[in-house]
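Enquirer: Next up is a structure, given as structure tokens.
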Amino acid sequence: MTTTEVIHRPERTCVGCRQRADRDQLLRLVREPAPDGSADRIRPDLSGSAPGRGAWLHPDAACLDLALRRGGFARAFRGSVDTETLREQLEASVPTITWNR
Ligand SMILES: [Zn+2]
């Protein structure tokens, strides 16, 4: 991670396709401790301002699949995370996108 990002045009890297994009084109995801103490879960951060480390994803089923297959979330969050409910959460939070293909 570099500290010299251009301030007026912040870019982030999609955890799926690894392409850089303006942050307003990406969906922010944050980790959230599971209530039962198991591996942290991931939830969409629609406000884009939740505290903590975030991961960025194109709102696209292809990028979600890539991230899940390549372990992009574990890399982004530097640890194992439970991605089992992520697709359902995305479907509930961002219903305008077809997350399943
Ligand atoms: Zn992508």
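Naming works like this for the structure tokens: A, B, ... for the chains as they're shown, residue 1 at the start of each chain, ligands 1 onward in shown order.
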Write out as JSON lines the residues of stretch 73-95 of chain A that have any atom within 7 Å of an atom of stretch 35-41 of chain A, one row each with the nearest atom pair and its distance in Å to one decimal, counting only C-alpha atoms, sorted by chain and then rising number.

Expert:
{"residue": "A:Ser80", "atom": "CA", "partner": "A:Ala39", "partner_atom": "CA", "distance": 6.7}
{"residue": "A:Val81", "atom": "CA", "partner": "A:Asp40", "partner_atom": "CA", "distance": 5.0}
{"residue": "A:Asp82", "atom": "CA", "partner": "A:Arg41", "partner_atom": "CA", "distance": 4.8}
{"residue": "A:Thr83", "atom": "CA", "partner": "A:Arg41", "partner_atom": "CA", "distance": 6.4}

Enquirer: Can you pull out the residues contacting stretch 60-76 of chain A? Cut-off 9 Å, using only C-alpha atoms, and skip same-chain residues under 2 positions away; I want them as a list in words.

Expert: Cys14, Val15, Gly16, Cys17, Arg18, Ile42, Arg53, Gly54, Ala55, Trp56, Leu57, His58, Arg78, Gly79, Ser80, Val81, Asp82, Thr83, Arg87, Ile97, Thr98, Trp99, Asn100 and Arg101 of chain A

Enquirer: With a distance cut-off of 9 Å and only C-alpha atoms, select the neighbouring residues of A:Asp45, excluding the residue or stretch itself and same-chain residues fewer than 3 positions from it, and output the selection as a ChimeraX atom specification.

Expert: /A:27-30,48-50,54

Enquirer: I need the chosen residues saved as a tab-separated table (two decimals), in the first residue's frame, with C-alpha atoms.

Expert:
chain	number	residue	atom	x	y	z
A	27	LEU	CA	-18.21	-1.65	-3.37
A	28	ARG	CA	-16.55	-1.56	0.04
A	29	LEU	CA	-16.59	-4.65	2.22
A	30	VAL	CA	-15.59	-4.78	5.87
A	48	GLY	CA	-18.12	3.44	2.55
A	49	SER	CA	-17.07	4.83	5.92
A	50	ALA	CA	-17.20	1.98	8.42
A	54	GLY	CA	-11.82	-2.67	3.99

Enquirer: Under the rule that only C-alpha atoms and all ligand atoms are counted, which of A:Pro10, A:Pro95, A:Pro59, A:Gly52 is the nearest residue to ligand 1?

Expert: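 Closest residue, counting only C-alpha atoms and all ligand atoms: A:Pro59.
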
Enquirer: So what do you get for atom CA of A:Gln89 versus atom 1 (Zn, counted along the ligand's line) of ligand 1, distance-wise?

Expert: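 Rounded to one decimal, the two atoms are 18.0 Å apart.
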
Enquirer: Taking the DSSP secondary structure from the backbone, can you list the residues of chain A that are strand (DSSP E or B), as a list in words?

Expert: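 Those in chain A that DSSP calls strand (DSSP E or B) are Glu11, Arg12, Thr13, Cys14, Arg20, Ala21, Asp22, Leu27, Arg28, Leu29, Val30, Arg31, Glu32, Asp40, Arg41, Ile42, Arg43, Pro44, Gly54, Ala55, Trp56, Leu57, Val81 and Asp82 of chain A.
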
Enquirer: Quick one: distance from atom CA of A:Glu84 to atom CA of A:Leu26 in Å, one decimal?

Expert: 20.9 Å

Enquirer: Which distance in Å separates atom CA of A:Leu90 and atom CA of A:Ala34, to one decimal?

Expert: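 The value is 17.1 Å.
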
Enquirer: For ligand 1, which of A:Pro44, A:Leu86, A:Glu11, A:Gln19 is the closest residue, counting only C-alpha atoms and all ligand atoms?

Expert: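 Closest candidate: A:Gln19.
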
Enquirer: Pick out each residue of stretch 4-93 of chain A that DSSP on the backbone tags as alpha helix (DSSP H); I need them as a list of chain:residue names.

Expert: A:Ala61, A:Ala62, A:Cys63, A:Leu64, A:Asp65, A:Leu66, A:Ala67, A:Leu68, A:Arg69, A:Arg70, A:Gly72, A:Phe73, A:Ala74, A:Arg75, A:Ala76, A:Phe77, A:Leu86, A:Arg87, A:Glu88, A:Gln89, A:Leu90, A:Glu91, A:Ala92, A:Ser93

Enquirer: Write out the residues from the selection above, keeping C-alpha atoms, as a PDB file, in the first residue's frame.

Expert:
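File produced: out_3.pdb:
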ATOM      1  CA  ALA A  61     -20.699 -11.471 -10.029  1.00  0.00           C
ATOM      2  CA  ALA A  62     -17.534 -12.278 -12.010  1.00  0.00           C
ATOM      3  CA  CYS A  63     -15.348 -10.306  -9.613  1.00  0.00           C
ATOM      4  CA  LEU A  64     -17.075 -11.863  -6.605  1.00  0.00           C
ATOM      5  CA  ASP A  65     -16.412 -15.333  -8.009  1.00  0.00           C
ATOM      6  CA  LEU A  66     -12.769 -14.506  -8.660  1.00  0.00           C
ATOM      7  CA  ALA A  67     -12.314 -13.146  -5.155  1.00  0.00           C
ATOM      8  CA  LEU A  68     -13.927 -16.208  -3.591  1.00  0.00           C
ATOM      9  CA  ARG A  69     -11.942 -18.651  -5.734  1.00  0.00           C
ATOM     10  CA  ARG A  70      -8.575 -16.963  -5.321  1.00  0.00           C
ATOM     11  CA  GLY A  72      -8.872 -12.487  -2.313  1.00  0.00           C
ATOM     12  CA  PHE A  73     -10.763 -11.713   0.869  1.00  0.00           C
ATOM     13  CA  ALA A  74      -8.370 -13.575   3.135  1.00  0.00           C
ATOM     14  CA  ARG A  75      -5.526 -11.634   1.526  1.00  0.00           C
ATOM     15  CA  ALA A  76      -7.296  -8.294   1.797  1.00  0.00           C
ATOM     16  CA  PHE A  77      -8.202  -8.836   5.430  1.00  0.00           C
ATOM     17  CA  LEU A  86     -21.317 -13.053   1.662  1.00  0.00           C
ATOM     18  CA  ARG A  87     -23.212 -13.679  -1.557  1.00  0.00           C
ATOM     19  CA  GLU A  88     -26.527 -13.673   0.292  1.00  0.00           C
ATOM     20  CA  GLN A  89     -25.608 -10.452   2.055  1.00  0.00           C
ATOM     21  CA  LEU A  90     -24.684  -8.816  -1.228  1.00  0.00           C
ATOM     22  CA  GLU A  91     -27.938  -9.965  -2.770  1.00  0.00           C
ATOM     23  CA  ALA A  92     -29.835  -8.429   0.131  1.00  0.00           C
ATOM     24  CA  SER A  93     -27.837  -5.189   0.231  1.00  0.00           C
TER      25      SER A  93
END

Enquirer: I'd like to know which of A:Asp22, A:Pro51, A:Arg9, A:Thr96 is closest to ligand 1, using only C-alpha atoms and all ligand atoms.

Expert: A:Asp22
